[in-house]
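Undergrad: My file is coords-v9.cif. It has mmCIF, N, CA and C atoms:
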```cif
data_my_file
loop_
_atom_site.label_atom_id
_atom_site.label_comp_id
_atom_site.auth_asym_id
_atom_site.auth_seq_id
_atom_site.Cartn_x
_atom_site.Cartn_y
_atom_site.Cartn_z
N MET A 11 52.63 131.87 18.84
CA MET A 11 52.48 131.27 20.15
C MET A 11 51.40 131.98 20.96
N ASP A 12 51.33 133.32 20.82
CA ASP A 12 50.33 134.06 21.58
C ASP A 12 48.92 133.70 21.12
N TYR A 13 48.75 133.48 19.82
CA TYR A 13 47.43 133.11 19.32
C TYR A 13 47.03 131.74 19.82
N LEU A 14 47.99 130.85 19.96
CA LEU A 14 47.71 129.52 20.46
C LEU A 14 47.26 129.57 21.92
N LEU A 15 47.88 130.45 22.71
CA LEU A 15 47.48 130.59 24.12
C LEU A 15 46.06 131.15 24.25
N ILE A 16 45.60 131.87 23.26
CA ILE A 16 44.23 132.37 23.27
C ILE A 16 43.28 131.34 22.70
N LEU A 17 43.71 130.62 21.69
CA LEU A 17 42.86 129.65 21.01
C LEU A 17 42.54 128.43 21.87
N ILE A 18 43.48 127.99 22.69
CA ILE A 18 43.25 126.79 23.51
C ILE A 18 42.10 126.99 24.49
N PRO A 19 42.05 128.06 25.31
CA PRO A 19 40.91 128.20 26.21
C PRO A 19 39.58 128.39 25.48
N VAL A 20 39.60 129.06 24.33
CA VAL A 20 38.35 129.25 23.58
C VAL A 20 37.85 127.90 23.06
N ALA A 21 38.75 127.08 22.55
CA ALA A 21 38.36 125.75 22.08
C ALA A 21 37.85 124.89 23.23
N MET A 22 38.48 125.01 24.38
CA MET A 22 38.03 124.24 25.54
C MET A 22 36.68 124.74 26.06
N LEU A 23 36.38 126.00 25.83
CA LEU A 23 35.09 126.55 26.25
C LEU A 23 33.98 126.07 25.33
N VAL A 24 34.26 125.91 24.05
CA VAL A 24 33.24 125.51 23.08
C VAL A 24 33.06 124.00 23.07
N SER A 25 34.08 123.23 23.40
CA SER A 25 34.00 121.77 23.31
C SER A 25 32.93 121.13 24.20
N PRO A 26 32.58 121.67 25.38
CA PRO A 26 31.50 121.03 26.14
C PRO A 26 30.17 121.02 25.40
N LEU A 27 29.92 122.03 24.59
CA LEU A 27 28.66 122.07 23.86
C LEU A 27 28.56 120.89 22.90
N TYR A 28 29.65 120.57 22.23
CA TYR A 28 29.67 119.42 21.33
C TYR A 28 29.51 118.11 22.10
N ALA A 29 30.19 118.01 23.24
CA ALA A 29 30.09 116.78 24.04
C ALA A 29 28.68 116.59 24.57
N ILE A 30 28.05 117.66 25.00
CA ILE A 30 26.67 117.56 25.51
C ILE A 30 25.73 117.16 24.38
N TYR A 31 25.93 117.74 23.21
CA TYR A 31 25.09 117.40 22.06
C TYR A 31 25.22 115.92 21.73
N ARG A 32 26.44 115.40 21.73
CA ARG A 32 26.66 113.99 21.41
C ARG A 32 26.04 113.07 22.46
N ARG A 33 26.13 113.44 23.72
CA ARG A 33 25.56 112.58 24.78
C ARG A 33 24.05 112.61 24.75
N ARG A 34 23.48 113.78 24.47
CA ARG A 34 22.02 113.86 24.38
C ARG A 34 21.50 113.07 23.18
N ALA A 35 22.24 113.12 22.08
CA ALA A 35 21.82 112.37 20.89
C ALA A 35 21.87 110.88 21.18
N GLY A 36 22.80 110.45 22.03
CA GLY A 36 22.90 109.04 22.39
C GLY A 36 21.97 108.64 23.52
N GLY A 37 21.24 109.59 24.08
CA GLY A 37 20.29 109.30 25.15
C GLY A 37 20.92 109.27 26.53
N LYS A 38 22.14 109.71 26.68
CA LYS A 38 22.82 109.71 27.98
C LYS A 38 22.70 111.09 28.62
N GLY A 39 22.95 111.14 29.93
CA GLY A 39 22.91 112.41 30.65
C GLY A 39 24.08 113.30 30.29
N ALA A 40 23.87 114.59 30.40
CA ALA A 40 24.90 115.55 30.01
C ALA A 40 25.70 116.07 31.20
N LYS A 41 25.29 115.76 32.42
CA LYS A 41 25.98 116.32 33.58
C LYS A 41 27.43 115.87 33.68
N THR A 42 27.69 114.61 33.47
CA THR A 42 29.05 114.10 33.59
C THR A 42 29.95 114.70 32.52
N ALA A 43 29.45 114.80 31.31
CA ALA A 43 30.26 115.39 30.23
C ALA A 43 30.54 116.86 30.52
N LEU A 44 29.56 117.58 31.00
CA LEU A 44 29.75 118.99 31.29
C LEU A 44 30.76 119.18 32.43
N LEU A 45 30.65 118.40 33.48
CA LEU A 45 31.59 118.50 34.60
C LEU A 45 33.01 118.18 34.16
N CYS A 46 33.17 117.15 33.35
CA CYS A 46 34.49 116.78 32.85
C CYS A 46 35.07 117.89 31.98
N GLN A 47 34.26 118.44 31.12
CA GLN A 47 34.75 119.48 30.22
C GLN A 47 35.08 120.77 30.97
N ILE A 48 34.31 121.08 32.01
CA ILE A 48 34.61 122.27 32.81
C ILE A 48 35.95 122.10 33.51
N CYS A 49 36.20 120.92 34.06
CA CYS A 49 37.49 120.67 34.71
C CYS A 49 38.65 120.77 33.72
N VAL A 50 38.47 120.23 32.53
CA VAL A 50 39.51 120.31 31.52
C VAL A 50 39.73 121.76 31.10
N PHE A 51 38.65 122.52 30.96
CA PHE A 51 38.78 123.92 30.56
C PHE A 51 39.57 124.71 31.58
N PHE A 52 39.22 124.59 32.86
CA PHE A 52 39.94 125.34 33.87
C PHE A 52 41.38 124.85 34.02
N GLY A 53 41.61 123.57 33.78
CA GLY A 53 42.98 123.07 33.76
C GLY A 53 43.79 123.69 32.63
N ALA A 54 43.17 123.84 31.47
CA ALA A 54 43.86 124.46 30.33
C ALA A 54 44.12 125.94 30.60
N VAL A 55 43.16 126.61 31.21
CA VAL A 55 43.37 128.02 31.54
C VAL A 55 44.50 128.17 32.54
N LEU A 56 44.53 127.31 33.54
CA LEU A 56 45.60 127.34 34.53
C LEU A 56 46.95 127.04 33.89
N LEU A 57 46.97 126.08 32.99
CA LEU A 57 48.21 125.72 32.30
C LEU A 57 48.72 126.88 31.45
N THR A 58 47.84 127.52 30.70
CA THR A 58 48.28 128.65 29.88
C THR A 58 48.73 129.81 30.76
N GLY A 59 48.08 130.02 31.89
CA GLY A 59 48.51 131.07 32.80
C GLY A 59 49.87 130.78 33.40
N LEU A 60 50.12 129.52 33.74
CA LEU A 60 51.42 129.16 34.29
C LEU A 60 52.53 129.24 33.25
N VAL A 61 52.20 128.90 32.02
CA VAL A 61 53.21 129.01 30.95
C VAL A 61 53.58 130.47 30.75
N GLY A 62 52.57 131.35 30.73
CA GLY A 62 52.85 132.77 30.57
C GLY A 62 53.60 133.33 31.76
N ALA A 63 53.25 132.92 32.95
CA ALA A 63 53.93 133.40 34.15
C ALA A 63 55.35 132.85 34.22
N ASN A 64 55.53 131.62 33.79
CA ASN A 64 56.87 131.02 33.81
C ASN A 64 57.79 131.75 32.84
N ASN A 65 57.27 132.13 31.68
CA ASN A 65 58.09 132.89 30.74
C ASN A 65 58.47 134.24 31.31
N ALA A 66 57.55 134.86 32.02
CA ALA A 66 57.85 136.17 32.61
C ALA A 66 58.84 136.04 33.76
N LEU A 67 58.72 134.97 34.55
CA LEU A 67 59.63 134.79 35.67
C LEU A 67 61.02 134.36 35.22
N ALA A 68 61.11 133.73 34.06
CA ALA A 68 62.40 133.29 33.57
C ALA A 68 63.24 134.46 33.07
N ALA A 69 62.59 135.54 32.69
CA ALA A 69 63.32 136.71 32.22
C ALA A 69 63.95 137.43 33.41
N ASP A 70 64.75 138.42 33.11
CA ASP A 70 65.37 139.17 34.19
C ASP A 70 64.34 140.04 34.91
N ALA A 71 64.73 140.68 36.00
CA ALA A 71 63.79 141.43 36.85
C ALA A 71 63.17 142.61 36.12
N GLU A 72 63.92 143.28 35.26
CA GLU A 72 63.37 144.42 34.55
C GLU A 72 62.30 144.00 33.56
N THR A 73 62.52 142.91 32.87
CA THR A 73 61.53 142.41 31.92
C THR A 73 60.28 141.94 32.64
N ALA A 74 60.47 141.27 33.78
CA ALA A 74 59.32 140.80 34.54
C ALA A 74 58.52 141.98 35.08
N ALA A 75 59.19 143.02 35.54
CA ALA A 75 58.48 144.19 36.04
C ALA A 75 57.75 144.89 34.91
N ALA A 76 58.35 144.90 33.73
CA ALA A 76 57.70 145.54 32.58
C ALA A 76 56.49 144.74 32.12
N SER A 77 56.51 143.42 32.28
CA SER A 77 55.37 142.62 31.86
C SER A 77 54.26 142.61 32.89
N GLY A 78 54.48 143.16 34.06
CA GLY A 78 53.42 143.26 35.06
C GLY A 78 53.44 142.18 36.11
N ILE A 79 54.35 141.22 36.04
CA ILE A 79 54.43 140.16 37.04
C ILE A 79 55.37 140.62 38.14
N THR A 80 54.82 141.08 39.24
CA THR A 80 55.61 141.55 40.37
C THR A 80 55.15 140.82 41.62
N ASP A 81 55.84 141.08 42.72
CA ASP A 81 55.44 140.47 43.98
C ASP A 81 54.05 140.94 44.40
N MET A 82 53.74 142.19 44.11
CA MET A 82 52.42 142.70 44.48
C MET A 82 51.31 142.01 43.68
N SER A 83 51.57 141.74 42.41
CA SER A 83 50.54 141.07 41.62
C SER A 83 50.31 139.64 42.11
N TRP A 84 51.38 138.95 42.51
CA TRP A 84 51.19 137.61 43.09
C TRP A 84 50.43 137.70 44.42
N GLY A 85 50.70 138.75 45.20
CA GLY A 85 49.96 138.93 46.45
C GLY A 85 48.49 139.19 46.21
N LEU A 86 48.18 139.97 45.20
CA LEU A 86 46.78 140.23 44.88
C LEU A 86 46.07 138.98 44.39
N ILE A 87 46.77 138.17 43.60
CA ILE A 87 46.18 136.90 43.15
C ILE A 87 45.94 135.98 44.35
N ALA A 88 46.90 135.92 45.28
CA ALA A 88 46.74 135.07 46.47
C ALA A 88 45.58 135.55 47.33
N ALA A 89 45.44 136.86 47.49
CA ALA A 89 44.34 137.40 48.29
C ALA A 89 43.00 137.10 47.63
N ALA A 90 42.94 137.23 46.30
CA ALA A 90 41.70 136.93 45.60
C ALA A 90 41.33 135.46 45.71
N LEU A 91 42.33 134.58 45.58
CA LEU A 91 42.06 133.15 45.72
C LEU A 91 41.62 132.79 47.13
N ALA A 92 42.25 133.40 48.14
CA ALA A 92 41.88 133.11 49.53
C ALA A 92 40.44 133.52 49.79
N THR A 93 40.07 134.70 49.33
CA THR A 93 38.71 135.17 49.55
C THR A 93 37.70 134.38 48.74
N GLY A 94 37.99 134.17 47.46
CA GLY A 94 37.04 133.48 46.59
C GLY A 94 36.81 132.03 46.95
N LEU A 95 37.89 131.30 47.15
CA LEU A 95 37.74 129.88 47.46
C LEU A 95 37.13 129.65 48.84
N SER A 96 37.48 130.50 49.81
CA SER A 96 36.85 130.33 51.12
C SER A 96 35.38 130.72 51.06
N GLY A 97 35.04 131.68 50.22
CA GLY A 97 33.63 132.04 50.05
C GLY A 97 32.84 130.91 49.43
N ILE A 98 33.42 130.25 48.44
CA ILE A 98 32.74 129.11 47.82
C ILE A 98 32.60 127.97 48.82
N GLY A 99 33.68 127.67 49.55
CA GLY A 99 33.61 126.60 50.55
C GLY A 99 32.62 126.90 51.66
N GLY A 100 32.63 128.16 52.11
CA GLY A 100 31.67 128.56 53.14
C GLY A 100 30.24 128.48 52.65
N GLY A 101 30.03 128.83 51.39
CA GLY A 101 28.68 128.75 50.82
C GLY A 101 28.19 127.31 50.73
N LEU A 102 29.08 126.41 50.30
CA LEU A 102 28.70 125.00 50.23
C LEU A 102 28.42 124.43 51.61
N ALA A 103 29.26 124.78 52.58
CA ALA A 103 29.05 124.27 53.95
C ALA A 103 27.78 124.84 54.56
N THR A 104 27.53 126.13 54.31
CA THR A 104 26.32 126.74 54.86
C THR A 104 25.07 126.14 54.23
N ALA A 105 25.12 125.85 52.94
CA ALA A 105 23.97 125.24 52.28
C ALA A 105 23.64 123.88 52.89
N ALA A 106 24.68 123.08 53.12
CA ALA A 106 24.44 121.76 53.69
C ALA A 106 23.96 121.86 55.13
N ALA A 107 24.60 122.73 55.92
CA ALA A 107 24.22 122.86 57.33
C ALA A 107 22.84 123.48 57.49
N ALA A 108 22.53 124.48 56.67
CA ALA A 108 21.24 125.16 56.81
C ALA A 108 20.08 124.24 56.40
N SER A 109 20.27 123.45 55.35
CA SER A 109 19.18 122.55 54.96
C SER A 109 18.95 121.48 56.02
N ALA A 110 20.03 120.97 56.60
CA ALA A 110 19.87 119.99 57.68
C ALA A 110 19.26 120.64 58.92
N ALA A 111 19.63 121.90 59.18
CA ALA A 111 19.08 122.60 60.34
C ALA A 111 17.58 122.85 60.17
N LEU A 112 17.16 123.21 58.97
CA LEU A 112 15.73 123.42 58.74
C LEU A 112 14.95 122.13 58.91
N GLY A 113 15.53 121.02 58.46
CA GLY A 113 14.86 119.74 58.66
C GLY A 113 14.74 119.37 60.12
N ALA A 114 15.80 119.64 60.89
CA ALA A 114 15.76 119.32 62.32
C ALA A 114 14.80 120.24 63.06
N ILE A 115 14.77 121.51 62.69
CA ILE A 115 13.88 122.47 63.36
C ILE A 115 12.42 122.15 63.05
N SER A 116 12.15 121.66 61.85
CA SER A 116 10.76 121.34 61.51
C SER A 116 10.25 120.16 62.33
N GLU A 117 11.15 119.27 62.76
CA GLU A 117 10.73 118.15 63.59
C GLU A 117 10.68 118.50 65.07
N ASN A 118 11.64 119.32 65.52
CA ASN A 118 11.70 119.68 66.93
C ASN A 118 12.16 121.13 67.03
N GLU A 119 11.28 122.00 67.49
CA GLU A 119 11.57 123.44 67.53
C GLU A 119 12.62 123.79 68.58
N LYS A 120 12.88 122.92 69.53
CA LYS A 120 13.86 123.20 70.57
C LYS A 120 15.31 123.11 70.07
N LEU A 121 15.50 122.60 68.88
CA LEU A 121 16.85 122.45 68.32
C LEU A 121 17.33 123.69 67.56
N PHE A 122 16.58 124.79 67.65
CA PHE A 122 16.92 125.98 66.87
C PHE A 122 18.31 126.50 67.23
N GLY A 123 18.62 126.62 68.51
CA GLY A 123 19.92 127.17 68.93
C GLY A 123 21.08 126.31 68.49
N LYS A 124 20.95 125.00 68.66
CA LYS A 124 22.02 124.10 68.24
C LYS A 124 22.21 124.11 66.72
N ALA A 125 21.10 124.18 66.00
CA ALA A 125 21.18 124.17 64.55
C ALA A 125 21.84 125.44 64.03
N MET A 126 21.50 126.57 64.59
CA MET A 126 22.09 127.83 64.14
C MET A 126 23.57 127.93 64.50
N LEU A 127 23.98 127.23 65.55
CA LEU A 127 25.40 127.18 65.91
C LEU A 127 26.21 126.53 64.78
N PHE A 128 25.70 125.43 64.23
CA PHE A 128 26.42 124.76 63.15
C PHE A 128 26.40 125.59 61.86
N VAL A 129 25.32 126.31 61.62
CA VAL A 129 25.28 127.18 60.44
C VAL A 129 26.30 128.31 60.59
N GLY A 130 26.41 128.86 61.80
CA GLY A 130 27.39 129.91 62.05
C GLY A 130 28.82 129.43 61.92
N LEU A 131 29.08 128.19 62.35
CA LEU A 131 30.42 127.62 62.20
C LEU A 131 30.78 127.45 60.72
N ALA A 132 29.80 127.09 59.92
CA ALA A 132 30.05 126.93 58.49
C ALA A 132 30.36 128.28 57.85
N GLU A 133 29.72 129.34 58.31
CA GLU A 133 29.98 130.66 57.76
C GLU A 133 31.36 131.19 58.19
N GLY A 134 31.89 130.64 59.26
CA GLY A 134 33.21 131.06 59.73
C GLY A 134 34.31 130.76 58.73
N ILE A 135 34.11 129.77 57.87
CA ILE A 135 35.12 129.44 56.87
C ILE A 135 35.37 130.63 55.96
N ALA A 136 34.31 131.29 55.54
CA ALA A 136 34.46 132.47 54.67
C ALA A 136 35.14 133.61 55.41
N LEU A 137 34.85 133.75 56.69
CA LEU A 137 35.50 134.81 57.47
C LEU A 137 36.99 134.56 57.63
N TYR A 138 37.38 133.29 57.81
CA TYR A 138 38.80 132.98 57.90
C TYR A 138 39.52 133.33 56.60
N GLY A 139 38.90 133.04 55.48
CA GLY A 139 39.49 133.40 54.19
C GLY A 139 39.64 134.89 54.03
N LEU A 140 38.64 135.65 54.50
CA LEU A 140 38.71 137.10 54.42
C LEU A 140 39.83 137.64 55.30
N ILE A 141 40.00 137.06 56.48
CA ILE A 141 41.07 137.51 57.38
C ILE A 141 42.44 137.22 56.77
N VAL A 142 42.60 136.03 56.18
CA VAL A 142 43.87 135.70 55.52
C VAL A 142 44.12 136.66 54.36
N SER A 143 43.07 136.98 53.62
CA SER A 143 43.21 137.92 52.51
C SER A 143 43.64 139.29 52.99
N LEU A 144 43.07 139.76 54.08
CA LEU A 144 43.46 141.06 54.62
C LEU A 144 44.90 141.04 55.15
N MET A 145 45.32 139.89 55.70
CA MET A 145 46.71 139.80 56.15
C MET A 145 47.68 139.83 54.96
N ILE A 146 47.29 139.20 53.86
CA ILE A 146 48.14 139.22 52.66
C ILE A 146 48.21 140.64 52.11
N LEU A 147 47.06 141.32 52.05
CA LEU A 147 47.05 142.67 51.51
C LEU A 147 47.76 143.65 52.43
N GLY A 148 47.84 143.36 53.71
CA GLY A 148 48.53 144.23 54.65
C GLY A 148 50.04 144.23 54.46
N ARG A 149 50.56 143.23 53.79
CA ARG A 149 52.01 143.17 53.55
C ARG A 149 52.46 144.08 52.41
N PHE A 150 51.51 144.59 51.62
CA PHE A 150 51.89 145.39 50.46
C PHE A 150 51.50 146.83 50.64
#
```
In structure tokens, write the structure found in this file.
TA:
Amino acid sequence: MDYLLILIPVAMLVSPLYAIYRRRAGGKGAKTALLCQICVFFGAVLLTGLVGANNALAADAETAAASGITDMSWGLIAAALATGLSGIGGGLATAAAASAALGAISENEKLFGKAMLFVGLAEGIALYGLIVSLMILGRF
């Protein structure tokens, strides 16, 4: 069973290369196949992680503590997700706002202050995630 949990993500990691090769040979674009395969891969990784965590949580408290699944480890995972996902969201929002701001500033230089306000608001998303992460870490 343990080998299967390792083999599934590896197979899902290699399968996009085959799908891209098949689509290129057929003359189609590879972006859609790659995006689909990446989503399936991360879904498989999440599924195998949940199966492993479910087995650890189903055992008694001593076995779960021995396997490393504790409240602190869940808190660290939550803090990492809060920081990482808010950083990605803030980066995407900043990219969209900054490119629009540069376009507006190139047409009218008086819009600099308003444009930078929206870029700063987009960066606030990452700061909120960092604050939530620090609050989670403060509990442990």
Undergrad: Box in all listed atoms of stretch 92-110 of chain A, axis-aligned, with 5 Å more on each side; write out centre and edge lengths in Å to one decimal as lines of an AutoDock Vina configuration file.
TA:
```
center_x = 30.6
center_y = 127.6
center_z = 52.8
size_x = 33.3
size_y = 25.2
size_z = 22.3
```
Undergrad: List as a VMD selection string the protein and nucleic acid residues near stretch 125-133 of chain A, meaning an atom at most 9 Å away when only C-alpha atoms are counted, but skip any in the same chain fewer than 3 places from it.
TA: chain A and resid 97 99 to 108 110 to 112 114 to 115 121 to 122 136 to 137
Undergrad: So how far away is atom C of A:Leu95 from atom C of A:Arg149, in Å?
TA: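 Atom-to-atom, atom C of A:Arg149 to atom C of A:Leu95, that is 21.4 Å.
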Undergrad: Restricting the calculation to only C-alpha atoms, which member of A:Ile18, A:Gly113, A:Thr93, A:Glu119 is positioned closest to A:Tyr138?
TA: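 Checking each candidate against A:Tyr138, we get A:Thr93 as the closest.
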Undergrad: Suppose you want the space between atom N of A:Ala89 and atom CA of A:Ser143; what is it in Å?
TA: 5.6 Å
Undergrad: Which is closer to A:Gly94 than all the others in A:Val50, A:Ile135, A:Asp81, A:Ser109, using only C-alpha atoms?
TA: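 Smallest separation from A:Gly94 among the options: A:Ile135.
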